[in-house]
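S.K.: Structure file protein_12.cif (mmCIF, C-alpha atoms and all ligand atoms) is given on the next line.
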data_model
#
loop_
_atom_site.label_atom_id
_atom_site.label_comp_id
_atom_site.auth_asym_id
_atom_site.auth_seq_id
_atom_site.Cartn_x
_atom_site.Cartn_y
_atom_site.Cartn_z
CA MET A 1 -0.54 13.61 29.44
CA GLN A 2 -0.45 12.14 25.94
CA ASP A 3 -2.81 9.22 25.25
CA GLY A 4 0.05 6.78 24.49
CA ARG A 5 1.85 7.54 27.74
CA LYS A 6 -1.38 7.35 29.72
CA ALA A 7 -2.10 3.90 28.28
CA ASP A 8 1.49 2.77 29.08
CA ASP A 9 1.18 3.98 32.66
CA LEU A 10 -2.17 2.25 33.09
CA SER A 11 -0.83 -1.06 31.83
CA LYS A 12 2.28 -0.69 34.03
CA LYS A 13 0.05 -0.03 37.06
CA GLY A 14 -1.98 -3.12 36.17
CA GLN A 15 1.21 -5.18 36.02
CA ILE A 16 2.37 -3.94 39.45
CA ARG A 17 -1.00 -4.71 40.98
CA ALA A 18 -0.92 -8.18 39.41
CA GLN A 19 2.58 -8.77 40.83
CA TYR A 20 1.42 -7.95 44.36
CA LEU A 21 -1.83 -9.88 44.01
CA THR A 22 -0.37 -13.06 42.57
CA GLU A 23 3.41 -13.21 43.04
CA PHE A 24 4.30 -11.51 46.34
CA SER A 25 5.73 -14.08 48.75
CA PRO A 26 5.37 -13.08 52.43
CA ARG A 27 7.97 -15.66 53.45
CA GLU A 28 10.57 -14.47 50.93
CA TYR A 29 9.84 -10.84 51.84
CA HIS A 30 10.36 -11.68 55.52
CA SER A 31 13.61 -13.57 54.89
CA THR A 32 14.93 -10.81 52.59
CA PHE A 33 13.99 -7.69 54.55
CA TYR A 34 13.16 -8.82 58.09
CA SER A 35 15.61 -11.63 58.96
CA VAL A 36 17.65 -9.19 61.06
CA LEU A 37 16.80 -6.03 62.94
CA ASP A 38 18.71 -3.42 60.96
CA ASP A 39 19.08 0.26 61.77
CA GLU A 40 16.44 1.27 59.23
CA VAL A 41 13.75 -0.90 60.79
CA LYS A 42 14.96 0.32 64.22
CA PHE A 43 14.40 3.90 63.02
CA PHE A 44 10.85 3.09 61.89
CA LEU A 45 9.99 1.30 65.16
CA GLU A 46 11.47 4.08 67.27
CA VAL A 47 9.75 6.98 65.51
CA TYR A 48 6.37 5.26 65.70
CA HIS A 49 6.91 4.18 69.32
CA ASN A 50 7.98 7.68 70.36
CA ALA A 51 4.99 9.19 68.61
CA PHE A 52 2.49 6.85 70.28
CA GLU A 53 4.12 7.16 73.71
CA LYS A 54 5.29 10.77 73.82
CA ASP A 55 3.80 13.01 71.14
CA ASN A 56 1.14 15.26 72.59
CA LEU A 57 -0.89 15.05 69.38
CA LEU A 58 -1.42 11.37 70.21
CA THR A 59 -1.07 11.07 73.98
CA SER A 60 -3.69 13.79 74.53
CA ARG A 61 -6.34 11.74 72.72
CA GLY A 62 -9.15 10.27 74.80
CA SER A 63 -9.76 6.53 74.95
CA ASN A 64 -12.54 6.82 72.35
CA GLN A 65 -10.12 8.48 69.90
CA ARG A 66 -7.58 5.72 69.58
CA ARG A 67 -8.69 3.63 66.63
CA VAL A 68 -5.65 2.86 64.49
CA LEU A 69 -5.42 1.66 60.88
CA ASP A 70 -2.18 0.24 59.43
CA PHE A 71 -2.58 0.77 55.67
CA GLY A 72 -0.61 -1.52 53.32
CA CYS A 73 0.79 -3.59 56.18
CA GLY A 74 2.13 -6.38 53.97
CA PRO A 75 2.83 -9.49 56.08
CA VAL A 76 4.35 -7.26 58.81
CA PRO A 77 2.62 -6.85 62.22
CA VAL A 78 5.46 -4.99 63.96
CA TYR A 79 4.70 -1.38 63.02
CA ALA A 80 1.13 -1.84 64.24
CA GLY A 81 2.82 -3.39 67.28
CA THR A 82 4.17 0.03 68.26
CA ALA A 83 0.55 1.17 68.61
CA ALA A 84 -0.46 -1.80 70.77
CA TYR A 85 -0.61 0.02 74.13
CA PHE A 86 -1.85 3.29 72.63
CA ALA A 87 -4.73 1.87 70.64
CA ASN A 88 -7.98 0.38 71.77
CA SER A 89 -8.48 -1.09 68.31
CA VAL A 90 -6.09 -1.84 65.46
CA THR A 91 -7.29 -2.62 61.96
CA MET A 92 -4.88 -3.59 59.22
CA ALA A 93 -5.40 -3.19 55.47
CA GLU A 94 -3.57 -4.99 52.70
CA ILE A 95 -4.20 -5.53 49.00
CA ALA A 96 -2.45 -8.91 48.61
CA PRO A 97 -4.36 -12.01 49.82
CA SER A 98 -1.06 -13.77 50.65
CA ASN A 99 -0.14 -10.96 53.06
CA ARG A 100 -3.57 -10.89 54.68
CA GLN A 101 -3.24 -14.62 55.22
CA ALA A 102 0.24 -14.14 56.80
CA ILE A 103 -1.14 -11.50 59.18
CA ASN A 104 -4.07 -13.69 60.22
CA SER A 105 -1.73 -16.63 60.70
CA TRP A 106 0.51 -14.58 63.05
CA MET A 107 -2.47 -13.07 64.90
CA ASN A 108 -3.81 -16.58 65.51
CA SER A 109 -0.37 -17.79 66.68
CA GLU A 110 -0.50 -20.56 64.08
CA GLU A 111 2.34 -22.99 63.77
CA GLY A 112 4.48 -21.90 60.82
CA ALA A 113 3.50 -18.21 61.12
CA LEU A 114 6.32 -15.78 60.37
CA ASP A 115 8.57 -15.02 63.35
CA TRP A 116 8.62 -11.38 64.47
CA ASN A 117 9.94 -11.89 68.04
CA LEU A 118 13.13 -9.93 67.43
CA PHE A 119 11.14 -6.85 66.48
CA PHE A 120 8.62 -7.05 69.32
CA SER A 121 11.53 -7.42 71.76
CA HIS A 122 13.04 -4.26 70.34
CA ILE A 123 9.77 -2.35 70.77
CA ALA A 124 9.65 -3.55 74.38
CA SER A 125 13.25 -2.44 74.97
CA LEU A 126 12.20 1.09 73.99
CA ASP A 127 9.98 1.08 77.08
CA GLY A 128 13.00 0.61 79.33
CA GLY A 129 12.22 -3.02 80.14
CA THR A 130 8.82 -2.53 81.81
CA LYS A 131 7.21 -4.86 79.25
CA THR A 132 8.42 -7.83 77.23
CA GLY A 133 8.20 -8.42 73.49
CA GLU A 134 5.61 -11.09 74.24
CA ASP A 135 3.54 -8.49 76.15
CA TYR A 136 3.53 -6.27 73.06
CA ALA A 137 2.67 -9.15 70.73
CA GLN A 138 -0.17 -10.30 73.00
CA ARG A 139 -1.54 -6.78 73.43
CA LEU A 140 -1.56 -6.34 69.64
CA ARG A 141 -3.44 -9.62 69.26
CA ASP A 142 -5.92 -8.38 71.90
CA VAL A 143 -6.69 -5.05 70.22
CA PHE A 144 -6.47 -6.37 66.63
CA GLN A 145 -9.84 -6.29 64.83
CA LEU A 146 -9.22 -7.69 61.36
CA VAL A 147 -7.13 -7.31 58.22
CA VAL A 148 -9.23 -5.96 55.36
CA PRO A 149 -8.57 -5.77 51.61
CA CYS A 150 -7.65 -2.30 50.33
CA ASP A 151 -6.59 -0.45 47.22
CA GLY A 152 -4.99 2.98 47.51
CA GLU A 153 -6.07 3.80 43.97
CA LEU A 154 -9.71 3.96 45.04
CA GLU A 155 -11.19 7.18 46.38
CA ASN A 156 -12.34 5.06 49.32
CA PRO A 157 -9.37 2.67 49.62
CA LEU A 158 -11.35 0.30 51.87
CA HIS A 159 -14.37 0.05 49.53
CA PRO A 160 -16.97 -1.34 50.24
CA ILE A 161 -16.19 -0.63 53.93
CA CYS A 162 -16.93 2.97 54.92
CA GLN A 163 -14.89 3.66 58.03
CA THR A 164 -12.55 6.36 59.26
CA TYR A 165 -9.81 6.12 61.89
CA ASP A 166 -8.18 8.37 64.49
CA VAL A 167 -4.70 7.39 63.37
CA VAL A 168 -3.65 6.02 59.98
CA MET A 169 -0.12 4.68 59.74
CA SER A 170 1.52 3.34 56.60
CA THR A 171 5.04 2.00 56.09
CA LEU A 172 6.88 1.52 52.80
CA CYS A 173 3.55 1.36 51.00
CA LEU A 174 2.47 4.36 48.95
CA GLU A 175 5.81 4.81 47.19
CA PHE A 176 5.77 1.12 46.26
CA ALA A 177 2.17 1.20 45.07
CA THR A 178 2.77 4.09 42.63
CA ILE A 179 5.14 4.95 39.80
CA SER A 180 4.85 8.74 39.58
CA LEU A 181 4.62 11.64 41.98
CA ASP A 182 1.18 12.49 40.61
CA ASP A 183 -0.01 8.98 41.43
CA TYR A 184 1.61 9.18 44.87
CA ARG A 185 -0.17 12.47 45.54
CA ALA A 186 -3.51 11.03 44.39
CA MET A 187 -3.04 7.93 46.56
CA LEU A 188 -2.19 10.04 49.60
CA ALA A 189 -5.36 12.07 49.04
CA ASN A 190 -7.34 8.79 48.91
CA VAL A 191 -5.72 7.44 52.08
CA THR A 192 -6.41 10.77 53.83
CA HIS A 193 -10.14 10.06 53.32
CA LEU A 194 -9.69 7.28 55.90
CA ILE A 195 -8.62 9.71 58.67
CA LYS A 196 -11.17 11.33 60.96
CA PRO A 197 -11.10 15.15 61.15
CA GLY A 198 -8.48 16.03 63.76
CA GLY A 199 -6.88 12.62 63.28
CA VAL A 200 -3.26 11.86 62.57
CA LEU A 201 -1.38 10.42 59.59
CA MET A 202 2.02 8.81 60.07
CA MET A 203 3.99 7.42 57.18
CA ALA A 204 7.48 5.95 57.07
CA GLY A 205 9.24 4.86 53.93
CA ALA A 206 12.09 4.96 51.46
CA LEU A 207 13.81 7.90 49.78
CA GLY A 208 15.43 7.80 46.35
CA ASN A 209 14.17 4.29 45.65
CA THR A 210 13.26 3.08 42.18
CA SER A 211 12.91 -0.69 42.72
CA TYR A 212 13.37 -3.63 45.10
CA CYS A 213 13.44 -7.38 44.67
CA VAL A 214 11.72 -10.21 46.45
CA GLY A 215 13.08 -13.47 45.10
CA GLN A 216 13.17 -13.20 41.31
CA THR A 217 10.48 -10.53 41.16
CA LYS A 218 11.38 -6.86 40.82
CA TYR A 219 8.90 -4.27 42.14
CA PRO A 220 9.12 -0.63 41.06
CA SER A 221 8.59 2.46 43.21
CA VAL A 222 8.36 6.19 42.85
CA ASN A 223 11.57 8.04 43.65
CA LEU A 224 10.87 10.29 46.65
CA THR A 225 12.91 13.14 48.07
CA LYS A 226 12.38 14.91 51.37
CA GLU A 227 11.22 18.00 49.45
CA ALA A 228 8.75 15.97 47.37
CA ILE A 229 7.20 14.45 50.50
CA ALA A 230 6.81 17.87 52.13
CA ASP A 231 5.30 19.20 48.90
CA VAL A 232 2.89 16.29 48.45
CA VAL A 233 1.69 16.31 52.07
CA THR A 234 1.10 20.05 52.06
CA SER A 235 -0.67 19.82 48.70
CA VAL A 236 -3.38 17.62 50.19
CA GLU A 237 -5.76 20.37 51.24
CA THR A 238 -6.98 18.76 54.44
CA LEU A 239 -3.53 17.86 55.80
CA GLU A 240 -1.23 19.97 57.94
CA LEU A 241 2.41 18.85 58.04
CA VAL A 242 3.57 18.36 61.64
CA ALA A 243 6.98 16.67 61.39
CA LEU A 244 9.29 15.27 58.73
CA ARG A 245 12.48 13.37 59.59
CA THR A 246 14.97 11.65 57.33
CA LEU A 247 17.95 9.35 57.77
CA GLY A 248 20.61 8.32 55.24
CA ARG A 249 20.72 4.70 54.11
CA GLN A 250 21.99 2.41 56.89
CA THR A 251 22.21 -0.91 55.01
CA SER A 252 24.31 -2.28 52.15
CA LEU A 253 22.91 -3.47 48.83
CA ASP A 254 23.89 -7.01 49.90
CA GLU A 255 21.76 -6.71 52.98
CA LYS A 256 18.78 -5.19 51.16
CA PRO A 257 18.10 -5.61 47.43
CA ALA A 258 16.61 -2.12 47.10
CA ASP A 259 18.20 1.07 45.76
CA HIS A 260 16.98 3.60 48.35
CA ASN A 261 19.45 6.22 49.58
CA GLY A 262 17.60 7.06 52.78
CA ILE A 263 14.42 6.69 54.77
CA PHE A 264 11.81 9.08 56.16
CA PHE A 265 9.10 9.55 58.74
CA VAL A 266 6.32 12.07 58.26
CA MET A 267 3.50 13.09 60.57
CA ALA A 268 0.51 15.22 59.57
CA GLN A 269 -2.80 16.16 61.10
CA LYS A 270 -6.12 16.18 59.28
CA MET A 271 -7.81 19.50 59.81
CA GLY A 272 -11.16 19.84 61.52
CA THR A 273 -12.81 18.39 64.56
CA GLU A 274 -15.11 15.41 64.86
C1 LIG A 301 7.27 -2.81 50.24
S1 LIG A 301 5.77 -3.54 50.75
C2 LIG A 301 5.62 -2.88 52.41
C3 LIG A 301 4.97 -3.82 53.34
C4 LIG A 301 5.03 -3.41 54.83
N1 LIG A 301 4.17 -2.26 55.10
C5 LIG A 301 6.42 -3.11 55.32
O1 LIG A 301 6.62 -2.05 55.91
O2 LIG A 301 7.34 -3.92 55.15
C6 LIG A 301 4.59 -2.59 49.79
C7 LIG A 301 3.16 -2.90 50.18
O3 LIG A 301 2.28 -2.10 49.38
C8 LIG A 301 1.13 -2.88 49.07
N2 LIG A 301 0.44 -2.31 47.89
C9 LIG A 301 0.79 -2.44 46.58
N3 LIG A 301 -0.11 -1.85 45.79
C10 LIG A 301 -1.06 -1.32 46.60
C11 LIG A 301 -2.24 -0.57 46.37
N4 LIG A 301 -2.66 -0.24 45.13
N5 LIG A 301 -2.96 -0.19 47.44
C12 LIG A 301 -2.58 -0.52 48.70
N6 LIG A 301 -1.44 -1.21 48.97
C13 LIG A 301 -0.70 -1.62 47.93
C14 LIG A 301 1.72 -4.25 48.82
O4 LIG A 301 0.79 -5.29 48.84
C15 LIG A 301 2.75 -4.34 49.94
O5 LIG A 301 2.21 -4.89 51.11
#
Let me see the file written as structure tokens.
Ligand SMILES: C[S@@+](CC[C@H](N)C(=O)[O-])C[C@H]1O[C@@H](n2cnc3c(N)ncnc32)[C@H](O)[C@@H]1O

M.R.:
Amino acid sequence: MQDGRKADDLSKKGQIRAQYLTEFSPREYHSTFYSVLDDEVKFFLEVYHNAFEKDNLLTSRGSNQRRVLDFGCGPVPVYAGTAAYFANSVTMAEIAPSNRQAINSWMNSEEGALDWNLFFSHIASLDGGTKTGEDYAQRLRDVFQLVVPCDGELENPLHPICQTYDVVMSTLCLEFATISLDDYRAMLANVTHLIKPGGVLMMAGALGNTSYCVGQTKYPSVNLTKEAIADVVTSVETLELVALRTLGRQTSLDEKPADHNGIFFVMAQKMGTE
């Protein structure tokens, strides 16, 4: 890469990081993207729930192999919520202090915490009514450890914490934390360092997206295709692609100020045994 372009990219990356660190509003993000349960969020909740409840790669794991990390959780506890009855510990990681504060506020059931009841009720409905949304929320609070700072650009994204997990899940994060496929690939390699050998990676996210807005702030993203995801996952030496599903866009631009044309779910296993 030419020096000028490299410098431009670095300063752009710095600006994106600064936007997340100082401008990102959990409340505006919630009211813009999570005020209703749309079919895209339903897809994400269902693929994660099915994986945790039915996929042999996960259900065959012993009780000491069920430590879950939600990487780049934002202010959103509901994807980790799908792991609540699978996991015996859930850690969350998020770069923005405002989002970590929103997660802690919800975990502590503080007055004024963001309301995610709709989403927990949907997770419970996937169980055929044997549990309630409140059961799922409470179970997540019970197994939740803490929300730690992270940065996917670091070789150890949880630095200074050195810890690996049996399952790493990440939703709508890596493509919004990077602006090129090379950066996306490098970030995925970093995040893979957080998975134990034999452990599982699950990511869900947006296809064809270049930007989204929260309030007046516009956040860029790298434009992913199904083929690019398959290529990037298989290019990380230690990962073996297990499943890749996509769905066309289910929401209008009025409903979601983002220009994605679809969404995806990918599952991969880290090679080796503990
Ligand atoms: C579109 S939000 C997704 C939030 C949430 N996971 C969800 O599904 O709605 C993108 C997330 O990526 C995080 N992020 C941005 N840059 C990052 C970086 N360098 N490392 C880790 N996470 C980052 C942001 O703080 C934000 O929480």

S.K.: Check every protein, DNA and RNA residue against ligand LIG 301 (chain A), keep those with an atom at most 6 Å away (counting only C-alpha atoms and all ligand atoms), and present them as a list in words.

M.R.: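 After applying the 6 Å limit, what remains is Arg17, Tyr20, Gly72, Cys73, Gly74, Val76, Glu94, Ile95, Ala96, Cys150, Asp151, Gly152, Glu153, Thr171, Leu172, Cys173, Phe176 and Ala177 of chain A.
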
S.K.: Calculate how many Å separate CA of Gln101 (chain A) from CA of Tyr48 (chain A), rounding to one decimal.

M.R.: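 Computed distance, CA of Gln101 (chain A) to CA of Tyr48 (chain A), equals 24.4 Å.
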
S.K.: Rank nothing, just name the residue among A:Asp166, A:Gln138, A:Asp38, A:Asn223 nearest to Ser63 (chain A), using only C-alpha atoms.

M.R.: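 Ranking A:Asp166, A:Gln138, A:Asp38, A:Asn223 by distance to Ser63 (chain A), first place goes to A:Asp166.
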
S.K.: Tell me which of A:Ala87, A:Asn104, A:Gly272, A:Ile16 sits closest to Ser211 (chain A), counting all atoms listed in the file.

M.R.: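 Checking each of A:Ala87, A:Asn104, A:Gly272, A:Ile16 against Ser211 (chain A), counting all atoms listed in the file, the winner is A:Ile16.
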
S.K.: Do you know which residues are at most 8 Å from Val222 (chain A) counting all atoms listed in the file, after dropping those on the same chain fewer than 2 positions away, and could you put them as number ranges by chain?

M.R.: A: 175-176, 178-181, 184, 209-210, 220, 224

S.K.: What separation in Å, quoted to one decimal, exists between CA of Glu134 (chain A) and CA of Pro77 (chain A)?

M.R.: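 Distance reported for this atom pair: 13.1 Å.
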
S.K.: Write out as a PyMOL selection string the residues lying within 12 Å of region 107-117 of chain A, counting all atoms listed in the file and excluding same-chain residues fewer than 2 positions away.

M.R.: chain A and resi 25-31+33-37+75-81+90-92+99-105+119-124+132-147

S.K.: CA of Asp231 (chain A) and CA of Gly208 (chain A) are how many Å apart?

M.R.: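 Answer for the CA of Asp231 (chain A) to CA of Gly208 (chain A) separation: 15.5 Å.
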
S.K.: Here's a test: counting all atoms listed in the file, identify every protein, DNA and RNA residue with an atom at most 9 Å from (-2.6, 9.7, 49.2) in the file's coordinate frame, and state them as a list in words.

M.R.: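 Residues with an atom at most 9 Å from (-2.6, 9.7, 49.2): Gly152, Glu153, Leu174, Asp183, Tyr184, Arg185, Ala186, Met187, Leu188, Ala189, Asn190, Val191, Thr192, His193, Val232, Val233 and Val236 of chain A.
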
S.K.: Using only C-alpha atoms, which of A:Pro257, A:Trp106, A:Ile195, A:Gly262 sits nearest Gly215 (chain A)?

M.R.: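 Using only C-alpha atoms, the shortest distance to Gly215 (chain A) belongs to A:Pro257.
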
S.K.: Taking into account only C-alpha atoms, which residue in the set A:Glu255, A:Leu21, A:Phe265, A:Leu201 is nearest to Cys213 (chain A)?

M.R.: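 The shortest atom-to-atom distance to Cys213 (chain A) comes from A:Glu255.
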
S.K.: Up to 10 Å from (4.3, 11.1, 55.0) in the file's coordinates: name the residues, counting all atoms listed in the file, as a PDB file with C-alpha atoms, in the coordinates of the input.

M.R.:
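This is the output file selection.pdb:
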ATOM      1  CA  MET A 169      -0.120   4.680  59.740  1.00  0.00           C
ATOM      2  CA  SER A 170       1.520   3.340  56.600  1.00  0.00           C
ATOM      3  CA  THR A 171       5.040   2.000  56.090  1.00  0.00           C
ATOM      4  CA  LEU A 174       2.470   4.360  48.950  1.00  0.00           C
ATOM      5  CA  LEU A 188      -2.190  10.040  49.600  1.00  0.00           C
ATOM      6  CA  LEU A 201      -1.380  10.420  59.590  1.00  0.00           C
ATOM      7  CA  MET A 202       2.020   8.810  60.070  1.00  0.00           C
ATOM      8  CA  MET A 203       3.990   7.420  57.180  1.00  0.00           C
ATOM      9  CA  ALA A 204       7.480   5.950  57.070  1.00  0.00           C
ATOM     10  CA  GLY A 205       9.240   4.860  53.930  1.00  0.00           C
ATOM     11  CA  LYS A 226      12.380  14.910  51.370  1.00  0.00           C
ATOM     12  CA  ILE A 229       7.200  14.450  50.500  1.00  0.00           C
ATOM     13  CA  ALA A 230       6.810  17.870  52.130  1.00  0.00           C
ATOM     14  CA  VAL A 232       2.890  16.290  48.450  1.00  0.00           C
ATOM     15  CA  VAL A 233       1.690  16.310  52.070  1.00  0.00           C
ATOM     16  CA  THR A 234       1.100  20.050  52.060  1.00  0.00           C
ATOM     17  CA  LEU A 241       2.410  18.850  58.040  1.00  0.00           C
ATOM     18  CA  VAL A 242       3.570  18.360  61.640  1.00  0.00           C
ATOM     19  CA  ALA A 243       6.980  16.670  61.390  1.00  0.00           C
ATOM     20  CA  LEU A 244       9.290  15.270  58.730  1.00  0.00           C
ATOM     21  CA  ARG A 245      12.480  13.370  59.590  1.00  0.00           C
ATOM     22  CA  PHE A 264      11.810   9.080  56.160  1.00  0.00           C
ATOM     23  CA  PHE A 265       9.100   9.550  58.740  1.00  0.00           C
ATOM     24  CA  VAL A 266       6.320  12.070  58.260  1.00  0.00           C
ATOM     25  CA  MET A 267       3.500  13.090  60.570  1.00  0.00           C
ATOM     26  CA  ALA A 268       0.510  15.220  59.570  1.00  0.00           C
TER      27      ALA A 268
END

S.K.: Edge lengths and centre in Å to one decimal, as lines of an AutoDock Vina configuration file, is what I'm after for the box along x, y and z that holds all listed atoms of region 194-209 of chain A once 6 Å is added on each side.

M.R.:
center_x = 2.1
center_y = 10.2
center_z = 54.7
size_x = 38.6
size_y = 23.7
size_z = 30.1

S.K.: Which residue out of A:Gln269, A:Gln15, A:Thr217, A:Thr164 has the minimum interatomic distance to Phe71 (chain A) when all atoms listed in the file are used?

M.R.: A:Thr164

S.K.: Here is a test: counting all atoms listed in the file, which residue of A:Gln19, A:Gln65, A:Thr32, A:Ser60 is nearest to Glu274 (chain A)?

M.R.: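 Closest to Glu274 (chain A) of all the choices is A:Gln65.
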
S.K.: Could I get region 62-75 of chain A rebuilt with N, CA and C atoms, written as a PDB file, keeping the file's coordinate frame?

M.R.:
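Saved as part_28.pdb:
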ATOM      1  N   GLY A  62      -8.354  11.053  73.850  1.00  0.00           N
ATOM      2  CA  GLY A  62      -9.150  10.270  74.800  1.00  0.00           C
ATOM      3  C   GLY A  62      -9.236   8.812  74.355  1.00  0.00           C
ATOM      4  N   SER A  63      -9.754   7.965  75.252  1.00  0.00           N
ATOM      5  CA  SER A  63      -9.760   6.530  74.950  1.00  0.00           C
ATOM      6  C   SER A  63     -10.701   6.192  73.790  1.00  0.00           C
ATOM      7  N   ASN A  64     -11.655   7.093  73.493  1.00  0.00           N
ATOM      8  CA  ASN A  64     -12.540   6.820  72.350  1.00  0.00           C
ATOM      9  C   ASN A  64     -11.991   7.421  71.052  1.00  0.00           C
ATOM     10  N   GLN A  65     -10.733   7.885  71.095  1.00  0.00           N
ATOM     11  CA  GLN A  65     -10.120   8.480  69.900  1.00  0.00           C
ATOM     12  C   GLN A  65      -8.813   7.769  69.559  1.00  0.00           C
ATOM     13  N   ARG A  66      -8.826   6.468  69.738  1.00  0.00           N
ATOM     14  CA  ARG A  66      -7.580   5.720  69.580  1.00  0.00           C
ATOM     15  C   ARG A  66      -7.754   4.508  68.670  1.00  0.00           C
ATOM     16  N   ARG A  67      -8.538   4.711  67.613  1.00  0.00           N
ATOM     17  CA  ARG A  67      -8.690   3.630  66.630  1.00  0.00           C
ATOM     18  C   ARG A  67      -7.631   3.792  65.550  1.00  0.00           C
ATOM     19  N   VAL A  68      -6.816   2.774  65.384  1.00  0.00           N
ATOM     20  CA  VAL A  68      -5.650   2.860  64.490  1.00  0.00           C
ATOM     21  C   VAL A  68      -5.844   1.954  63.279  1.00  0.00           C
ATOM     22  N   LEU A  69      -5.448   2.469  62.107  1.00  0.00           N
ATOM     23  CA  LEU A  69      -5.420   1.660  60.880  1.00  0.00           C
ATOM     24  C   LEU A  69      -3.976   1.609  60.378  1.00  0.00           C
ATOM     25  N   ASP A  70      -3.473   0.393  60.092  1.00  0.00           N
ATOM     26  CA  ASP A  70      -2.180   0.240  59.430  1.00  0.00           C
ATOM     27  C   ASP A  70      -2.475  -0.075  57.966  1.00  0.00           C
ATOM     28  N   PHE A  71      -2.206   0.896  57.085  1.00  0.00           N
ATOM     29  CA  PHE A  71      -2.580   0.770  55.670  1.00  0.00           C
ATOM     30  C   PHE A  71      -1.404   0.189  54.867  1.00  0.00           C
ATOM     31  N   GLY A  72      -1.663  -0.897  54.137  1.00  0.00           N
ATOM     32  CA  GLY A  72      -0.610  -1.520  53.320  1.00  0.00           C
ATOM     33  C   GLY A  72       0.416  -2.222  54.187  1.00  0.00           C
ATOM     34  N   CYS A  73      -0.083  -2.987  55.164  1.00  0.00           N
ATOM     35  CA  CYS A  73       0.790  -3.590  56.180  1.00  0.00           C
ATOM     36  C   CYS A  73       1.685  -4.689  55.633  1.00  0.00           C
ATOM     37  N   GLY A  74       1.372  -5.220  54.442  1.00  0.00           N
ATOM     38  CA  GLY A  74       2.130  -6.380  53.970  1.00  0.00           C
ATOM     39  C   GLY A  74       1.927  -7.535  54.944  1.00  0.00           C
ATOM     40  N   PRO A  75       2.948  -8.386  55.112  1.00  0.00           N
ATOM     41  CA  PRO A  75       2.830  -9.490  56.080  1.00  0.00           C
ATOM     42  C   PRO A  75       3.380  -9.091  57.453  1.00  0.00           C
TER      43      PRO A  75
END
